[in-house]
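Here's target_20.txt, which has compact mmCIF, C-alpha atoms:
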# COMPACT_ATOMS: atom_id res chain seq x y z
CA MET A 1 105.37 60.93 -11.61
CA ASP A 2 103.07 63.04 -13.80
CA LEU A 3 99.72 61.23 -13.75
CA ASP A 4 97.83 64.04 -15.47
CA ARG A 5 100.05 63.91 -18.55
CA ARG A 6 100.43 60.14 -18.85
CA LEU A 7 97.13 58.61 -17.72
CA ASP A 8 94.97 56.95 -20.34
CA PRO A 9 92.28 59.56 -21.18
CA GLU A 10 89.43 57.27 -20.16
CA ILE A 11 91.16 56.42 -16.88
CA ALA A 12 92.02 60.04 -16.10
CA ALA A 13 88.41 61.08 -15.49
CA ALA A 14 87.80 58.49 -12.77
CA PRO A 15 90.30 59.53 -10.05
CA ALA A 16 89.04 63.12 -10.19
CA GLU A 17 85.60 61.91 -9.13
CA LEU A 18 86.79 59.67 -6.27
CA PRO A 19 87.32 60.74 -2.64
CA ILE A 20 90.95 61.00 -1.52
CA LEU A 21 92.13 57.97 0.43
CA ASP A 22 93.86 59.29 3.60
CA LEU A 23 95.48 56.57 5.72
CA SER A 24 96.21 58.86 8.67
CA GLU A 25 92.97 57.62 10.27
CA PHE A 26 92.28 53.95 9.53
CA PRO A 27 88.53 53.88 10.38
CA ALA A 28 87.84 56.85 8.09
CA ALA A 29 90.06 55.40 5.36
CA ARG A 30 88.15 52.12 5.50
CA GLU A 31 84.87 53.95 5.04
CA THR A 32 86.34 55.94 2.15
CA MET A 33 87.54 52.79 0.40
CA LEU A 34 84.12 51.20 0.73
CA ALA A 35 82.56 54.38 -0.71
CA ARG A 36 85.00 54.32 -3.65
CA ARG A 37 84.20 50.67 -4.37
CA ALA A 38 80.47 51.31 -4.08
CA ALA A 39 80.67 54.26 -6.47
CA ALA A 40 82.60 52.22 -9.02
CA ALA A 41 80.04 49.41 -8.87
CA ALA A 42 76.93 51.57 -8.49
CA ASP A 43 75.12 50.15 -11.51
CA ALA A 44 76.28 46.53 -11.14
CA GLN A 45 74.18 43.70 -9.72
CA PRO A 46 75.11 40.28 -8.32
CA SER A 47 75.13 37.60 -10.97
CA PRO A 48 71.93 35.50 -10.91
CA THR A 49 73.93 32.52 -12.16
CA VAL A 50 76.40 32.43 -9.24
CA VAL A 51 75.72 30.92 -5.82
CA ARG A 52 77.59 32.24 -2.77
CA GLN A 53 78.07 30.49 0.55
CA ASP A 54 80.10 31.59 3.57
CA HIS A 55 82.08 29.18 5.76
CA LEU A 56 83.73 29.79 9.12
CA VAL A 57 86.81 27.59 9.29
CA PRO A 58 89.39 26.95 12.03
CA GLY A 59 92.20 29.46 12.31
CA LEU A 60 95.83 28.39 12.30
CA ASN A 61 97.21 27.09 15.61
CA GLY A 62 94.18 28.13 17.65
CA ALA A 63 93.72 31.56 16.05
CA PRO A 64 90.16 32.90 15.56
CA GLU A 65 87.97 31.36 12.88
CA VAL A 66 88.47 32.55 9.33
CA ARG A 67 85.59 33.49 7.06
CA LEU A 68 85.68 32.10 3.53
CA ARG A 69 83.22 32.89 0.76
CA HIS A 70 82.61 30.17 -1.83
CA TYR A 71 81.31 31.16 -5.27
CA ARG A 72 80.30 28.64 -7.93
CA PRO A 73 78.00 28.38 -10.96
CA ALA A 74 74.41 27.74 -9.92
CA SER A 75 73.91 25.33 -12.79
CA GLN A 76 77.00 23.15 -12.24
CA SER A 77 77.22 20.34 -9.68
CA GLY A 78 80.41 18.70 -10.98
CA VAL A 79 83.99 19.10 -9.85
CA LEU A 80 85.50 22.45 -10.91
CA PRO A 81 88.89 24.15 -10.83
CA CYS A 82 89.11 26.82 -8.14
CA LEU A 83 90.68 30.24 -7.65
CA TYR A 84 91.60 30.93 -4.02
CA TRP A 85 91.37 34.72 -3.82
CA ILE A 86 92.91 37.26 -1.40
CA HIS A 87 91.35 40.73 -1.51
CA GLY A 88 93.50 43.85 -1.41
CA GLY A 89 93.56 46.98 0.71
CA GLY A 90 97.15 47.88 1.51
CA HIS A 91 97.09 45.33 4.36
CA VAL A 92 94.92 47.76 6.37
CA LEU A 93 91.71 48.17 4.33
CA GLY A 94 89.14 46.09 2.54
CA GLN A 95 86.92 43.09 3.20
CA VAL A 96 85.77 40.04 1.32
CA ASP A 97 82.54 41.72 0.14
CA GLN A 98 84.40 44.30 -1.95
CA ASP A 99 85.27 41.73 -4.62
CA ASP A 100 81.90 39.96 -4.83
CA LEU A 101 81.12 41.27 -8.30
CA VAL A 102 84.60 40.50 -9.60
CA MET A 103 84.35 36.95 -8.27
CA ASP A 104 80.90 36.59 -9.84
CA HIS A 105 82.40 37.67 -13.16
CA ILE A 106 85.26 35.18 -12.89
CA VAL A 107 82.87 32.31 -12.11
CA ASP A 108 80.63 33.24 -15.05
CA THR A 109 83.48 33.86 -17.50
CA VAL A 110 86.09 31.29 -16.52
CA GLY A 111 83.66 28.57 -15.50
CA GLY A 112 85.37 27.61 -12.26
CA ALA A 113 84.73 28.14 -8.57
CA VAL A 114 86.23 30.78 -6.27
CA VAL A 115 87.00 30.71 -2.55
CA SER A 116 87.76 34.17 -1.13
CA VAL A 117 89.37 34.67 2.29
CA ASP A 118 88.53 37.44 4.75
CA TRP A 119 91.90 37.94 6.47
CA ARG A 120 92.43 39.92 9.67
CA ARG A 121 93.49 43.50 8.98
CA THR A 122 96.45 45.40 10.35
CA PRO A 123 97.55 47.26 12.45
CA GLU A 124 95.17 45.48 14.80
CA HIS A 125 96.51 42.11 13.61
CA PRO A 126 100.01 42.48 12.13
CA PHE A 127 101.97 39.84 10.24
CA PRO A 128 101.88 36.86 10.51
CA ALA A 129 98.18 36.94 11.50
CA PRO A 130 96.81 37.84 8.02
CA MET A 131 99.08 35.28 6.35
CA ASP A 132 98.05 32.68 8.92
CA ASP A 133 94.41 33.33 7.96
CA CYS A 134 95.23 32.96 4.26
CA TYR A 135 97.11 29.72 4.86
CA ALA A 136 94.39 28.31 7.13
CA GLY A 137 91.75 29.04 4.49
CA LEU A 138 93.76 27.47 1.69
CA ALA A 139 94.50 24.39 3.77
CA TRP A 140 90.80 24.03 4.61
CA THR A 141 89.87 24.41 0.94
CA HIS A 142 92.22 21.57 0.04
CA ARG A 143 90.98 19.34 2.86
CA HIS A 144 87.35 19.99 1.93
CA ALA A 145 87.78 19.92 -1.84
CA ALA A 146 85.34 17.03 -2.21
CA GLU A 147 82.69 18.86 -0.16
CA LEU A 148 83.22 22.03 -2.22
CA ASN A 149 83.24 20.08 -5.50
CA VAL A 150 86.60 21.51 -6.51
CA ASP A 151 89.60 19.74 -7.98
CA PRO A 152 92.46 19.82 -5.42
CA GLU A 153 95.01 19.56 -8.23
CA ARG A 154 93.61 22.67 -9.93
CA ILE A 155 93.52 25.22 -7.13
CA ALA A 156 95.15 28.51 -8.10
CA VAL A 157 96.04 31.32 -5.69
CA GLY A 158 95.43 34.93 -6.66
CA GLY A 159 94.92 38.41 -5.30
CA ALA A 160 95.12 42.11 -6.09
CA SER A 161 97.36 44.82 -4.61
CA SER A 162 98.28 43.77 -1.06
CA GLY A 163 96.21 40.67 -1.79
CA GLY A 164 98.47 39.99 -4.76
CA GLY A 165 101.51 40.32 -2.52
CA SER A 166 99.92 38.01 0.02
CA ALA A 167 99.09 35.57 -2.78
CA ALA A 168 102.77 35.50 -3.80
CA GLY A 169 103.79 35.04 -0.17
CA LEU A 170 101.22 32.28 0.34
CA VAL A 171 102.51 30.42 -2.72
CA LEU A 172 106.05 30.63 -1.32
CA LEU A 173 104.81 29.34 2.04
CA ALA A 174 102.86 26.49 0.44
CA ARG A 175 105.95 25.47 -1.54
CA ASP A 176 108.15 25.49 1.57
CA ARG A 177 105.71 23.57 3.79
CA GLY A 178 104.82 21.10 1.06
CA GLU A 179 101.41 20.22 2.51
CA PHE A 180 99.35 20.75 -0.66
CA PRO A 181 99.87 21.85 -4.27
CA VAL A 182 99.08 25.17 -5.95
CA CYS A 183 98.64 25.01 -9.72
CA PHE A 184 98.96 28.71 -10.63
CA GLN A 185 99.50 32.17 -9.16
CA LEU A 186 97.48 35.15 -10.39
CA LEU A 187 99.26 38.29 -9.17
CA ILE A 188 97.31 41.47 -9.95
CA TYR A 189 99.47 44.59 -9.41
CA PRO A 190 100.95 42.87 -6.34
CA MET A 191 102.41 44.77 -3.37
CA LEU A 192 105.70 42.90 -2.97
CA ASP A 193 108.45 45.02 -1.42
CA ASP A 194 108.48 46.85 1.91
CA ARG A 195 111.73 48.69 1.15
CA ASN A 196 110.19 51.42 -1.06
CA VAL A 197 113.41 52.12 -2.95
CA THR A 198 112.35 51.70 -6.59
CA PRO A 199 112.01 54.79 -8.82
CA ALA A 200 108.20 54.48 -8.97
CA SER A 201 107.90 54.07 -5.20
CA VAL A 202 109.85 57.29 -4.73
CA THR A 203 108.22 59.45 -7.39
CA LEU A 204 104.53 58.51 -7.11
CA THR A 205 103.24 60.94 -4.50
CA ASP A 206 99.90 61.98 -6.07
CA ARG A 207 97.21 61.69 -3.37
CA ARG A 208 94.60 60.53 -5.92
CA ALA A 209 96.46 57.22 -6.30
CA TRP A 210 98.00 54.62 -3.99
CA ASN A 211 101.15 56.61 -3.29
CA ARG A 212 104.41 56.54 -1.36
CA ALA A 213 102.91 57.89 1.87
CA SER A 214 100.10 55.30 1.84
CA ASN A 215 102.53 52.52 1.01
CA LEU A 216 104.84 53.37 3.89
CA ILE A 217 101.88 53.42 6.29
CA GLY A 218 100.57 50.12 4.97
CA TRP A 219 103.89 48.33 5.31
CA ARG A 220 104.55 49.70 8.79
CA ALA A 221 101.10 48.55 9.88
CA TYR A 222 101.80 45.09 8.46
CA VAL A 223 105.34 44.39 9.68
CA GLY A 224 105.87 47.11 12.29
CA ASP A 225 109.31 48.54 12.97
CA ALA A 226 110.88 45.79 10.87
CA ALA A 227 109.72 47.58 7.69
CA GLY A 228 112.71 48.36 5.49
CA THR A 229 115.08 46.15 7.48
CA ASP A 230 116.40 42.64 6.92
CA ARG A 231 114.02 41.34 9.60
CA VAL A 232 111.06 41.24 7.18
CA SER A 233 109.95 37.76 6.16
CA PRO A 234 109.73 36.91 2.43
CA TYR A 235 106.26 35.53 3.19
CA ALA A 236 105.29 39.13 4.07
CA ALA A 237 107.35 40.81 1.32
CA PRO A 238 107.95 38.25 -1.46
CA ALA A 239 110.45 40.52 -3.23
CA ARG A 240 112.83 39.52 -0.41
CA ALA A 241 112.69 35.82 -1.29
CA THR A 242 116.09 34.58 -2.46
CA ASP A 243 114.81 31.37 -4.08
CA LEU A 244 111.87 31.47 -6.50
CA THR A 245 112.44 28.03 -8.02
CA GLY A 246 109.80 25.33 -7.79
CA LEU A 247 106.87 27.76 -7.81
CA PRO A 248 103.77 27.32 -9.98
CA PRO A 249 103.32 29.27 -13.23
CA ALA A 250 102.63 32.96 -12.69
CA TYR A 251 100.65 35.78 -14.29
CA LEU A 252 101.40 39.39 -13.31
CA ALA A 253 99.49 42.46 -14.49
CA VAL A 254 100.20 46.10 -13.62
CA GLY A 255 99.72 49.58 -15.03
CA ASP A 256 102.82 51.54 -15.96
CA LEU A 257 101.70 54.37 -13.61
CA ASP A 258 101.31 52.07 -10.63
CA LEU A 259 103.54 52.48 -7.58
CA PHE A 260 104.31 48.75 -7.87
CA ILE A 261 105.42 48.75 -11.52
CA ASP A 262 109.16 48.37 -10.84
CA GLU A 263 108.93 45.71 -8.15
CA ASP A 264 106.39 43.73 -10.20
CA ILE A 265 108.56 43.71 -13.32
CA GLU A 266 111.60 42.70 -11.27
CA TYR A 267 109.66 39.89 -9.58
CA ALA A 268 108.44 38.60 -12.95
CA GLN A 269 112.02 38.60 -14.25
CA ARG A 270 113.25 36.72 -11.19
CA LEU A 271 110.46 34.14 -11.56
CA GLN A 272 111.55 33.56 -15.14
CA GLN A 273 115.18 33.27 -14.05
CA GLY A 274 114.02 30.65 -11.55
CA SER A 275 112.52 28.60 -14.42
CA VAL A 276 108.94 29.51 -13.45
CA PRO A 277 106.70 29.98 -16.52
CA THR A 278 105.71 33.64 -16.18
CA GLU A 279 103.45 35.97 -18.13
CA LEU A 280 103.78 39.71 -17.51
CA HIS A 281 101.38 42.39 -18.76
CA VAL A 282 102.10 46.11 -18.40
CA TYR A 283 99.27 48.49 -19.33
CA PRO A 284 100.39 51.92 -20.61
CA GLY A 285 98.38 54.73 -19.03
CA GLY A 286 97.07 52.57 -16.20
CA SER A 287 97.23 53.66 -12.56
CA HIS A 288 96.78 51.41 -9.55
CA ALA A 289 93.50 49.44 -9.68
CA PHE A 290 92.40 51.36 -12.77
CA GLU A 291 90.13 48.54 -13.94
CA SER A 292 88.01 48.86 -10.79
CA TYR A 293 87.59 52.66 -11.07
CA ALA A 294 87.12 52.94 -14.82
CA PRO A 295 85.62 49.56 -15.73
CA ALA A 296 84.05 50.76 -18.97
CA SER A 297 87.35 52.02 -20.41
CA ALA A 298 88.96 50.14 -23.26
CA LEU A 299 92.11 49.63 -21.18
CA ALA A 300 90.14 48.10 -18.32
CA ARG A 301 88.23 45.81 -20.66
CA ARG A 302 91.53 44.59 -22.13
CA PHE A 303 92.98 44.11 -18.66
CA VAL A 304 89.99 42.00 -17.55
CA ARG A 305 89.97 39.96 -20.77
CA ASP A 306 93.68 39.18 -20.44
CA ARG A 307 93.28 38.15 -16.79
CA ASP A 308 90.30 35.91 -17.51
CA GLU A 309 92.01 34.23 -20.45
CA ALA A 310 95.07 33.53 -18.31
CA LEU A 311 92.89 31.73 -15.75
CA VAL A 312 91.15 29.73 -18.45
CA ARG A 313 94.53 28.58 -19.76
CA ALA A 314 95.77 27.76 -16.26
CA PHE A 315 92.73 25.62 -15.45
CA ARG A 316 93.18 23.64 -18.67
CA MET A 317 96.71 22.58 -17.74
Write-out of the structure in structure tokens:
Amino acid sequence: MDLDRRLDPEIAAAPAELPILDLSEFPAARETMLARRAAAAADAQPSPTVVRQDHLVPGLNGAPEVRLRHYRPASQSGVLPCLYWIHGGGHVLGQVDQDDLVMDHIVDTVGGAVVSVDWRRTPEHPFPAPMDDCYAGLAWTHRHAAELNVDPERIAVGGASSGGGSAAGLVLLARDRGEFPVCFQLLIYPMLDDRNVTPASVTLTDRRAWNRASNLIGWRAYVGDAAGTDRVSPYAAPARATDLTGLPPAYLAVGDLDLFIDEDIEYAQRLQQGSVPTELHVYPGGSHAFESYAPASALARRFVRDRDEALVRAFRM
């Protein structure tokens, strides 16, 4: 895939200035990702109108405690809709702090609350440990909705990249267990399919982007030797789910130069075929996570505006 020829001009300048993300050494890759995020947000400051509070909540079935970060408007004490957010990082990178500014923006713009989960990373903690953390945090959010001043009937689940894939898997799991409702799923360039057989997953090898080599490493860290076989759970790789009926309305957004473009479009089509109201946005000239690396670009501003408006609509349902 020829990124140099097809990237949006404003997006093209950003990857050239970012350090290469090499997953051959996880500790170094984690430091590199933090450096990339810090560089992208160098001039940004926490919102003075958003209050943050961390909670340590019980893990699932005796697992270690899970850290949740609760964001809400400083000036609002009433009951609010809530986005339950899962950060990305290819299942091996990232931490809750990386999305602080994005969550601040969503609180300020959408007018709701956010609860963000800090899941255990792989390969140290392979599936189902990260999904167990996500489920435990969502269950706690529902049980403590009154304490958090959030509306339990208006809790959406969302995430980006591997977090978007985990969000889709968590929504499937919540549907199947039937313990609490989810009103909406916000899937931002989600990582959905461990099989790596789509055209984009084969042809995107550019080291400046999330590429085939990184994707293979991420999936193997997450599901081990089962990667690419029929032993992978649909809660880990939602593209494997055979039944998408009965799920909440969905919003998917992805750049057309993203490794996940094919699997995301296919998943959106299958949601629609399962009678799930689904909105799909494809951004020409956008690479993976382009809005975080070139936030001032016109394409990124449109991407963020579309995402925010989708949440506003969802919370009004």
* Structure fact -> Between A:Arg195, A:Val312, A:Ala136, A:Glu153, smallest distance to Gly218 in chain A by all atoms listed in the file belongs to A:Arg195
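What separates CA of Arg143 in chain A from CA of Arg313 in chain A is a distance of 24.7 Å.
Shortest atom-to-atom contact with Tyr71 in chain A among A:Leu172, A:Ala156, A:Ala310, A:Met103: A:Met103, counting all atoms listed in the file.
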* Take CA of Val50 in chain A and CA of His105 in chain A and report the distance between them in Å, one decimal. => 8.9 Å
* Asked: In Å, with one decimal, what is the gap from CA of Tyr267 in chain A to CA of Leu173 in chain A?
  -> 16.4 Å
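Between Asp99 in chain A and the candidates A:Leu34, A:Ala139, A:Pro73, A:Thr229, the tightest atom-to-atom separation, counting all atoms listed in the file, involves A:Leu34.
Among the candidates A:Ser201, A:Gln273, A:Thr242, A:Thr109, the one nearest to Ser47 in chain A when counting all atoms listed in the file is A:Thr109.
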Surrounding residues of Asp262 in chain A excluding itself and chain neighbours under 5 positions, 8 Å, all atoms listed in the file, as an mmCIF file with C-alpha atoms, keeping the file's coordinate frame:
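Everything below was put into selection_5.cif:
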data_model
loop_
_atom_site.group_PDB
_atom_site.id
_atom_site.type_symbol
_atom_site.label_atom_id
_atom_site.label_comp_id
_atom_site.auth_asym_id
_atom_site.auth_seq_id
_atom_site.Cartn_x
_atom_site.Cartn_y
_atom_site.Cartn_z
ATOM 1 C CA THR A 198 112.350 51.700 -6.590
ATOM 2 C CA PRO A 199 112.010 54.790 -8.820
ATOM 3 C CA ALA A 200 108.200 54.480 -8.970
#
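Checking A:Thr32, A:Ser116, A:Asn149, A:Gln53 one by one against Val79 in chain A, counting all atoms listed in the file, you find the shortest gap at A:Asn149.
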May I have the residues within 12 Å of Glu309 in chain A as an mmCIF file with C-alpha atoms, in the frame of the given file, using all atoms listed in the file and disregarding those fewer than 3 positions away in the same chain?
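Below is the file out-v7.cif, written as the result:
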data_model
loop_
_atom_site.group_PDB
_atom_site.id
_atom_site.type_symbol
_atom_site.label_atom_id
_atom_site.label_comp_id
_atom_site.auth_asym_id
_atom_site.auth_seq_id
_atom_site.Cartn_x
_atom_site.Cartn_y
_atom_site.Cartn_z
ATOM 1 C CA ILE A 106 85.260 35.180 -12.890
ATOM 2 C CA THR A 109 83.480 33.860 -17.500
ATOM 3 C CA VAL A 110 86.090 31.290 -16.520
ATOM 4 C CA GLY A 111 83.660 28.570 -15.500
ATOM 5 C CA LEU A 186 97.480 35.150 -10.390
ATOM 6 C CA TYR A 251 100.650 35.780 -14.290
ATOM 7 C CA GLU A 279 103.450 35.970 -18.130
ATOM 8 C CA ARG A 302 91.530 44.590 -22.130
ATOM 9 C CA PHE A 303 92.980 44.110 -18.660
ATOM 10 C CA VAL A 304 89.990 42.000 -17.550
ATOM 11 C CA ARG A 305 89.970 39.960 -20.770
ATOM 12 C CA ASP A 306 93.680 39.180 -20.440
ATOM 13 C CA VAL A 312 91.150 29.730 -18.450
ATOM 14 C CA ARG A 313 94.530 28.580 -19.760
ATOM 15 C CA ALA A 314 95.770 27.760 -16.260
ATOM 16 C CA PHE A 315 92.730 25.620 -15.450
ATOM 17 C CA ARG A 316 93.180 23.640 -18.670
#
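Nearest-residue note for Asp100 in chain A: choosing from A:Trp219, A:Tyr189, A:Tyr135, A:Trp85, the minimum distance belongs to A:Trp85, counting all atoms listed in the file.
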* To do: Around the point (82.7, 31.6, 5.8), in the coordinates given by the file, pick out the residues reaching within 9 Å, counting all atoms listed in the file, and return them as a ChimeraX atom specification.
  => /A:53-57,65-70,116-118
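The neighbours of Arg208 in chain A here are the residues that come within 12 Å of it, using only C-alpha atoms and leaving out any residue fewer than 3 positions away in the same chain; they are Asp2, Leu3, Asp4, Ala12, Ala13, Ala14, Pro15, Ala16, Glu17, Leu18, Pro19, Ile20, Leu21, Asp22, Arg36, Leu204, Thr205, Asn211, Arg212, Ala213, Ser214, Asp258, Ser287, His288, Ala289, Phe290 and Tyr293 of chain A.
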* Asked: Excluding same-chain residues fewer than 5 positions from Thr122 in chain A, what lies within 12 Å of it counting all atoms listed in the file, as a ChimeraX atom specification?
  -> /A:26-27,30,89-94,127-131,162,217-224
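Near Leu247 in chain A, within 7 Å and counting all atoms listed in the file, sit Arg175, Leu244, Thr245, Pro249 and Val276 of chain A; same-chain residues fewer than 2 positions away were not included.
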* To do: Select, counting all atoms listed in the file, all protein, DNA and RNA residues no farther than 9 Å from (84.8, 23.1, -9.0) in file coordinates, and express the selection as a ChimeraX atom specification.
  => /A:72-73,76-82,111-114,145,148-151,154
